[in-house]
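J.: The structure follows.
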Amino acid sequence: MISENPRVRFAPSPTGYLHVGGLRTALYNYLFAKKNNGAFILRIEDTDRTRLVEGAVENLITTLKWAGLDYDEGPGKDGGLGPYVQSERLTIYKKYTDELVQQKKAYYCFCTSDRLKQLREDQQKTGLQSKYDKHCLHLTENEISEKLKNNEPFVIRLNVQPDELIHIDDIIRGEVTFNSNVVDDQILLKSDGYPTYHLANVVDDHLMKITHVIRGEEWLSSTPKHILLYQYFGWEIPKFAHLPLLLNPDKSKLSKRQGDVAVEDYRAKGYLKEALVNFVALLGWSAGDDREFYYLDELCRSFALERVNKAGAVFNIEKLQSMNFAHLQKKSDEELLILLKEELASSDFKSHSLSDEKLLLVIQAMKERINFVKEIILNAGYFFTIPQSYDQDAVKKRWTLESPQLLQKFIEAIQKTDNPLKEDYENALHKVAEEVAVKNAAIIHPLRLAVSGVSGGPGLFDIFFILGKEETIKRINIALEKIKT
RNA sequence: GGCGCGUUCGUCUAGUGGCUUAGGACGCCGCCCUCUCAAGGCGGAGACCACCGGUUCGAAUCCGGUACGCGCUACCA
């Protein structure tokens, strides 16, 4: 347990959509906050104007909300330490860089990108680490004001001192040490007046009283820059926790090229938020026992940063799918009804005439045969409309010369029944089979084909009951005309 | 190239010096159930714990080195 109420943040860039890796980072932050009675803050890091995407912030917020990760402070939810969008905080960053420049902990740099590029190439050729050479550090006050007067573009760089050891005490990785000689004089303020991630991140984390920085491992290498900034400003350094990366099957950092990475893609495919959250929570964390099925509130209670793994985790779709199945099975029929009606509304069967009562029966029949609600429509469209075709392999295998007369007899048998139940269909069939002295299967298989067009699915008598007597007879008759051997 | 991080079944993981002939889950295979497809039940294959060396009575677990993988190395985050 953390003694003081911690404050954590999820700080995405609005570049279009919420990445599943981002979802996990957000989730771990959220879980940590909830577990320790802390605050979960959303901050938008939109300092790269070249990568801005229209509507991305709204999309991010909607998706986060869909997943159930509501933030305590953030855009539209002022906690007194806003604004929570970095592009609205430019004067703040300016103020703090000025302070650093005054104390000579940062300096103006007028180098052109051409010179920088050349420098990098030269260093690479000689096998050196590519690093800024402090060329502009020695500019005099006069030279600087002269250049500023001439409107020469400039950036502000961090003035890193050599030969210092910088220690990071990471909750997940333990102590990590860097020598300041490998830390570049990072640009803090870009020539367009916007801060870089490094500056904005540190300033905001401090101003927003962030106690724990929980973020992806890709940030570990730049953490020394951040530590230096905290030290230069004289600020307390937050605790760090660098999360293992989410990986493609080839172990590279999870990327778009190798599959879906946007949370909205998974949502659109029909994954339940419960399954996605559960799955992603287990990618890099476990409670230490064999339990794998969790709801969000249960995760909140069990989560511990100390138990997060160090190694990256391959994002395995098959496991996610089985997770979806598991969560689907736990849903009540009524919950599934809502989801099914949503899917139906945007399907070919939107003008179906089934009552909620019938839909509930369809759900009961199909539930354990699907990984996604939409598969009810995809795999069992016959509940909503007469089969448009008959599976030819099944016809070949199940439709025999005697099938027509058997089905005919079955029609006659059920014709006599009144409001038949599942058992009545079954009894009728058994009786026919007995009369003609064939196995039940000899009638069942062609019947299933006639009524559904396919060879698999729920119990035949369940299908009959859901369709009703009239519809069942009608379909058999149509099949008798259409199916030729 | 430099710096950093990592390495247990195909994949996600349990394991924090003896409980381990390394446990679970997904996937795969087989059997049972069965009108089909699933689900479910039972069983199976699958990890010389990356490698080498050290510490120890004893190591997947501690230490060192090597290899491999990944990340960072931008006026991107």
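Going through the structure tokens in order, the chains are called A, B, and so on, while each chain numbers its residues from 1 and the ligands are numbered from 1 in the order shown.
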Excluding stretch 12-20 of chain B and any residue of its chain fewer than 6 positions from it, enumerate the residues within 7 Å of it, using only C-alpha atoms (C1' of nucleotides), and give them as a ChimeraX atom specification.
T.: /A:283,288-289 /B:58-59,61
J.: Only residues of chain B matter here; which ones have an atom within 8 Å of chain A, counting only C-alpha atoms (C1' of nucleotides)? Give them as a ChimeraX atom specification.
T.: /B:1-4,6-7,11-14,24-27,35-39,69-73,75-77
J.: Measure the distance from atom CA of A:Lys374 to atom CA of A:Gln329 in Å and round it to one decimal.
T.: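 Separation of atom CA of A:Lys374 and atom CA of A:Gln329: 14.3 Å.
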J.: Have a look at atom CA of A:Gln118 and atom CA of A:Arg49 and let me know their distance in Å, one decimal.
T.: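 Going from atom CA of A:Gln118 over to atom CA of A:Arg49, I get 25.3 Å.
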J.: Determine which residues of stretch 193-295 of chain A receive a DSSP assignment of helix (DSSP H, G or I), computed from the backbone, and state them as a PyMOL selection string.
T.: chain A and resi 197-207+217-233+256-258+263-268+273-281
J.: Can you list, as JSON, numbers by chain, every residue of stretch 102-297 of chain A that DSSP puts in strand (DSSP E)?
T.: {"A": [106, 107, 108, 109, 155, 156, 157, 158, 165, 166, 167, 168, 169, 170, 174, 175, 176, 177, 178, 179, 187, 188, 189, 212, 213, 214, 215, 216, 239, 240, 241, 242, 243, 246, 247]}
J.: Please identify all polymer residues within 12 Å of B:A67, counting only C-alpha atoms (C1' of nucleotides), omitting same-chain residues fewer than 3 positions from it, and present them as an mmCIF file with all heavy atoms, in the first residue's frame.
T.:
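Saved the output as result.cif:
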data_model
loop_
_atom_site.group_PDB
_atom_site.id
_atom_site.type_symbol
_atom_site.label_atom_id
_atom_site.label_comp_id
_atom_site.auth_asym_id
_atom_site.auth_seq_id
_atom_site.Cartn_x
_atom_site.Cartn_y
_atom_site.Cartn_z
ATOM 1 P P U B 7 13.700 -11.699 -18.100
ATOM 2 O OP1 U B 7 12.480 -12.085 -17.362
ATOM 3 O OP2 U B 7 14.980 -11.592 -17.401
ATOM 4 O "O5'" U B 7 13.887 -12.691 -19.347
ATOM 5 C "C5'" U B 7 12.784 -12.886 -20.289
ATOM 6 C "C4'" U B 7 13.284 -13.871 -21.352
ATOM 7 O "O4'" U B 7 14.477 -13.306 -21.937
ATOM 8 C "C3'" U B 7 13.653 -15.225 -20.754
ATOM 9 O "O3'" U B 7 12.982 -16.300 -21.413
ATOM 10 C "C2'" U B 7 15.158 -15.350 -20.924
ATOM 11 O "O2'" U B 7 15.504 -16.592 -21.521
ATOM 12 C "C1'" U B 7 15.525 -14.255 -21.914
ATOM 13 N N1 U B 7 16.793 -13.564 -21.610
ATOM 14 C C2 U B 7 17.838 -13.773 -22.519
ATOM 15 O O2 U B 7 17.728 -14.521 -23.488
ATOM 16 N N3 U B 7 18.996 -13.088 -22.238
ATOM 17 C C4 U B 7 19.210 -12.237 -21.185
ATOM 18 O O4 U B 7 20.308 -11.694 -21.089
ATOM 19 C C5 U B 7 18.089 -12.076 -20.290
ATOM 20 C C6 U B 7 16.937 -12.732 -20.526
ATOM 21 P P A B 50 16.581 -19.712 -19.435
ATOM 22 O OP1 A B 50 17.564 -19.575 -18.352
ATOM 23 O OP2 A B 50 15.685 -18.612 -19.784
ATOM 24 O "O5'" A B 50 17.364 -20.180 -20.733
ATOM 25 C "C5'" A B 50 16.666 -20.712 -21.851
ATOM 26 C "C4'" A B 50 17.615 -20.719 -23.022
ATOM 27 O "O4'" A B 50 17.746 -19.352 -23.507
ATOM 28 C "C3'" A B 50 19.035 -21.135 -22.649
ATOM 29 O "O3'" A B 50 19.168 -22.539 -22.755
ATOM 30 C "C2'" A B 50 19.867 -20.399 -23.685
ATOM 31 O "O2'" A B 50 19.853 -21.066 -24.928
ATOM 32 C "C1'" A B 50 19.103 -19.078 -23.809
ATOM 33 N N9 A B 50 19.573 -18.044 -22.889
ATOM 34 C C8 A B 50 18.872 -17.440 -21.883
ATOM 35 N N7 A B 50 19.546 -16.533 -21.228
ATOM 36 C C5 A B 50 20.786 -16.530 -21.847
ATOM 37 C C6 A B 50 21.953 -15.780 -21.616
ATOM 38 N N6 A B 50 22.066 -14.849 -20.667
ATOM 39 N N1 A B 50 23.029 -16.018 -22.395
ATOM 40 C C2 A B 50 22.916 -16.947 -23.341
ATOM 41 N N3 A B 50 21.865 -17.721 -23.669
ATOM 42 C C4 A B 50 20.822 -17.452 -22.874
ATOM 43 P P C B 51 20.075 -23.323 -21.630
ATOM 44 O OP1 C B 51 19.818 -24.772 -21.821
ATOM 45 O OP2 C B 51 19.880 -22.713 -20.300
ATOM 46 O "O5'" C B 51 21.562 -23.009 -22.104
ATOM 47 C "C5'" C B 51 21.996 -23.396 -23.401
ATOM 48 C "C4'" C B 51 23.340 -22.784 -23.672
ATOM 49 O "O4'" C B 51 23.195 -21.340 -23.700
ATOM 50 C "C3'" C B 51 24.370 -23.020 -22.572
ATOM 51 O "O3'" C B 51 25.009 -24.279 -22.736
ATOM 52 C "C2'" C B 51 25.330 -21.856 -22.790
ATOM 53 O "O2'" C B 51 26.199 -22.080 -23.872
ATOM 54 C "C1'" C B 51 24.354 -20.733 -23.143
ATOM 55 N N1 C B 51 23.937 -19.921 -21.984
ATOM 56 C C2 C B 51 24.846 -18.975 -21.485
ATOM 57 O O2 C B 51 25.954 -18.872 -22.027
ATOM 58 N N3 C B 51 24.490 -18.199 -20.434
ATOM 59 C C4 C B 51 23.287 -18.339 -19.883
ATOM 60 N N4 C B 51 22.981 -17.544 -18.860
ATOM 61 C C5 C B 51 22.350 -19.310 -20.349
ATOM 62 C C6 C B 51 22.710 -20.076 -21.396
ATOM 63 P P C B 52 25.441 -25.064 -21.416
ATOM 64 O OP1 C B 52 25.782 -26.429 -21.858
ATOM 65 O OP2 C B 52 24.449 -24.857 -20.337
ATOM 66 O "O5'" C B 52 26.777 -24.313 -20.988
ATOM 67 C "C5'" C B 52 27.892 -24.266 -21.871
ATOM 68 C "C4'" C B 52 28.923 -23.306 -21.324
ATOM 69 O "O4'" C B 52 28.369 -21.963 -21.315
ATOM 70 C "C3'" C B 52 29.307 -23.535 -19.871
ATOM 71 O "O3'" C B 52 30.277 -24.556 -19.735
ATOM 72 C "C2'" C B 52 29.869 -22.174 -19.490
ATOM 73 O "O2'" C B 52 31.187 -21.986 -19.975
ATOM 74 C "C1'" C B 52 28.922 -21.233 -20.229
ATOM 75 N N1 C B 52 27.822 -20.748 -19.365
ATOM 76 C C2 C B 52 28.075 -19.656 -18.517
ATOM 77 O O2 C B 52 29.208 -19.140 -18.525
ATOM 78 N N3 C B 52 27.089 -19.184 -17.716
ATOM 79 C C4 C B 52 25.891 -19.775 -17.734
ATOM 80 N N4 C B 52 24.956 -19.284 -16.933
ATOM 81 C C5 C B 52 25.611 -20.899 -18.579
ATOM 82 C C6 C B 52 26.593 -21.341 -19.368
#
J.: Can you measure atom CA of A:Phe240 to atom CA of A:Ala106 for me? One decimal in Å is fine.
T.: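 So the answer is 24.1 Å.
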J.: Excluding same-chain residues fewer than 5 positions from A:Leu276, what lies within 12 Å of it counting only C-alpha atoms (C1' of nucleotides), as a ChimeraX atom specification?
T.: /A:20-21,23-24,27,66-68,262-267,269-271,281-283,293-296,315-317,319-328
J.: Would you write out those residues with N, CA, C and O atoms, as a tab-separated table (two decimals), in the first residue's frame?
T.:
chain	number	residue	atom	x	y	z
A	20	VAL	N	-3.69	-0.54	-28.45
A	20	VAL	CA	-3.93	-1.50	-27.37
A	20	VAL	C	-2.83	-1.44	-26.31
A	20	VAL	O	-3.09	-1.71	-25.13
A	21	GLY	N	-1.62	-1.10	-26.74
A	21	GLY	CA	-0.54	-0.90	-25.77
A	21	GLY	C	-0.87	0.27	-24.87
A	21	GLY	O	-0.63	0.23	-23.66
A	23	LEU	N	-3.86	1.23	-24.20
A	23	LEU	CA	-4.95	0.78	-23.32
A	23	LEU	C	-4.38	0.10	-22.09
A	23	LEU	O	-4.83	0.32	-20.97
A	24	ARG	N	-3.35	-0.73	-22.30
A	24	ARG	CA	-2.79	-1.42	-21.15
A	24	ARG	C	-2.09	-0.44	-20.21
A	24	ARG	O	-2.19	-0.56	-18.98
A	27	LEU	N	-4.71	1.26	-18.39
A	27	LEU	CA	-5.31	0.32	-17.44
A	27	LEU	C	-4.45	0.17	-16.18
A	27	LEU	O	-4.95	0.22	-15.06
A	66	TRP	N	-15.37	3.76	-23.03
A	66	TRP	CA	-15.96	2.47	-23.43
A	66	TRP	C	-15.34	1.34	-22.62
A	66	TRP	O	-16.01	0.43	-22.14
A	67	ALA	N	-14.01	1.41	-22.45
A	67	ALA	CA	-13.30	0.35	-21.73
A	67	ALA	C	-13.59	0.39	-20.23
A	67	ALA	O	-13.24	-0.54	-19.52
A	68	GLY	N	-14.20	1.46	-19.79
A	68	GLY	CA	-14.53	1.55	-18.37
A	68	GLY	C	-13.50	2.30	-17.55
A	68	GLY	O	-13.56	2.31	-16.32
A	262	ALA	N	-5.56	-0.82	-32.96
A	262	ALA	CA	-6.47	0.17	-32.40
A	262	ALA	C	-7.57	-0.51	-31.59
A	262	ALA	O	-8.17	-1.49	-32.03
A	263	VAL	N	-7.80	0.01	-30.41
A	263	VAL	CA	-8.84	-0.55	-29.56
A	263	VAL	C	-10.18	-0.55	-30.29
A	263	VAL	O	-10.95	-1.50	-30.21
A	264	GLU	N	-10.41	0.51	-31.05
A	264	GLU	CA	-11.69	0.59	-31.77
A	264	GLU	C	-11.84	-0.53	-32.81
A	264	GLU	O	-12.96	-0.94	-33.11
A	265	ASP	N	-10.74	-1.02	-33.35
A	265	ASP	CA	-10.80	-2.15	-34.28
A	265	ASP	C	-11.35	-3.39	-33.57
A	265	ASP	O	-12.18	-4.12	-34.11
A	266	TYR	N	-10.85	-3.62	-32.38
A	266	TYR	CA	-11.31	-4.79	-31.62
A	266	TYR	C	-12.76	-4.62	-31.21
A	266	TYR	O	-13.54	-5.57	-31.23
A	267	ARG	N	-13.08	-3.40	-30.86
A	267	ARG	CA	-14.46	-3.11	-30.51
A	267	ARG	C	-15.37	-3.39	-31.70
A	267	ARG	O	-16.41	-4.04	-31.56
A	269	LYS	N	-14.87	-5.35	-34.13
A	269	LYS	CA	-14.92	-6.77	-34.45
A	269	LYS	C	-15.82	-7.53	-33.50
A	269	LYS	O	-16.08	-8.72	-33.69
A	270	GLY	N	-16.27	-6.87	-32.47
A	270	GLY	CA	-17.22	-7.50	-31.57
A	270	GLY	C	-16.62	-8.00	-30.26
A	270	GLY	O	-17.28	-8.72	-29.52
A	271	TYR	N	-15.39	-7.64	-30.00
A	271	TYR	CA	-14.82	-8.05	-28.71
A	271	TYR	C	-15.50	-7.28	-27.60
A	271	TYR	O	-15.79	-6.09	-27.74
A	281	ALA	N	-4.81	-6.93	-19.29
A	281	ALA	CA	-4.31	-6.85	-17.92
A	281	ALA	C	-3.32	-7.98	-17.65
A	281	ALA	O	-2.35	-7.82	-16.93
A	282	LEU	N	-3.60	-9.13	-18.26
A	282	LEU	CA	-2.76	-10.31	-18.03
A	282	LEU	C	-1.52	-10.35	-18.91
A	282	LEU	O	-0.71	-11.26	-18.81
A	283	LEU	N	-1.38	-9.37	-19.76
A	283	LEU	CA	-0.19	-9.28	-20.61
A	283	LEU	C	0.89	-8.53	-19.83
A	283	LEU	O	1.10	-7.35	-20.01
A	293	PHE	N	-9.61	-15.22	-14.99
A	293	PHE	CA	-10.85	-14.50	-15.31
A	293	PHE	C	-11.08	-13.40	-14.28
A	293	PHE	O	-11.22	-13.67	-13.10
A	294	TYR	N	-11.10	-12.17	-14.77
A	294	TYR	CA	-11.29	-11.02	-13.89
A	294	TYR	C	-12.24	-10.00	-14.51
A	294	TYR	O	-12.22	-9.79	-15.73
A	295	TYR	N	-12.99	-9.37	-13.67
A	295	TYR	CA	-13.68	-8.16	-14.09
A	295	TYR	C	-12.85	-6.98	-13.60
A	295	TYR	O	-11.98	-7.12	-12.74
A	296	LEU	N	-13.14	-5.81	-14.18
A	296	LEU	CA	-12.35	-4.62	-13.87
A	296	LEU	C	-12.24	-4.33	-12.37
A	296	LEU	O	-11.16	-4.05	-11.86
A	315	PHE	N	1.24	-10.26	-28.21
A	315	PHE	CA	-0.20	-10.07	-28.21
A	315	PHE	C	-0.84	-11.23	-28.98
A	315	PHE	O	-0.78	-11.27	-30.21
A	316	ASN	N	-1.41	-12.15	-28.25
A	316	ASN	CA	-1.90	-13.39	-28.86
A	316	ASN	C	-3.42	-13.37	-29.06
A	316	ASN	O	-4.19	-13.52	-28.12
A	317	ILE	N	-3.83	-13.22	-30.31
A	317	ILE	CA	-5.24	-13.06	-30.64
A	317	ILE	C	-6.08	-14.26	-30.20
A	317	ILE	O	-7.21	-14.12	-29.77
A	319	LYS	N	-5.79	-16.21	-27.69
A	319	LYS	CA	-6.09	-16.17	-26.27
A	319	LYS	C	-7.16	-15.11	-26.00
A	319	LYS	O	-8.06	-15.31	-25.18
A	320	LEU	N	-7.04	-14.00	-26.69
A	320	LEU	CA	-8.04	-12.94	-26.55
A	320	LEU	C	-9.41	-13.47	-26.94
A	320	LEU	O	-10.42	-13.19	-26.30
A	321	GLN	N	-9.42	-14.27	-27.99
A	321	GLN	CA	-10.69	-14.81	-28.47
A	321	GLN	C	-11.32	-15.75	-27.44
A	321	GLN	O	-12.52	-15.70	-27.21
A	322	SER	N	-10.50	-16.56	-26.82
A	322	SER	CA	-11.05	-17.48	-25.83
A	322	SER	C	-11.51	-16.71	-24.59
A	322	SER	O	-12.45	-17.10	-23.92
A	323	MET	N	-10.82	-15.61	-24.34
A	323	MET	CA	-11.23	-14.73	-23.24
A	323	MET	C	-12.61	-14.14	-23.55
A	323	MET	O	-13.45	-14.00	-22.67
A	324	ASN	N	-12.79	-13.79	-24.80
A	324	ASN	CA	-14.07	-13.23	-25.21
A	324	ASN	C	-15.18	-14.26	-25.03
A	324	ASN	O	-16.27	-13.95	-24.56
A	325	PHE	N	-14.87	-15.49	-25.38
A	325	PHE	CA	-15.83	-16.57	-25.19
A	325	PHE	C	-16.21	-16.70	-23.72
A	325	PHE	O	-17.37	-16.78	-23.35
A	326	ALA	N	-15.20	-16.70	-22.88
A	326	ALA	CA	-15.42	-16.86	-21.44
A	326	ALA	C	-16.31	-15.74	-20.89
A	326	ALA	O	-17.23	-16.00	-20.11
A	327	HIS	N	-16.04	-14.52	-21.32
A	327	HIS	CA	-16.84	-13.40	-20.81
A	327	HIS	C	-18.26	-13.42	-21.39
A	327	HIS	O	-19.21	-13.03	-20.72
A	328	LEU	N	-18.34	-13.90	-22.62
A	328	LEU	CA	-19.65	-14.01	-23.27
A	328	LEU	C	-20.54	-14.98	-22.49
A	328	LEU	O	-21.72	-14.74	-22.27
J.: For A:Gly22, which of A:Lys482, A:Val277, A:Leu148, A:Glu88 is the closest residue, counting only C-alpha atoms?
T.: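 Checking each candidate against A:Gly22, we get A:Val277 as the closest.
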J.: Got a sec: who's within 10 Å of A:Ile483, counting only C-alpha atoms (C1' of nucleotides), leaving out chain neighbours fewer than 5 positions off, as a count of residues only?
T.: 9
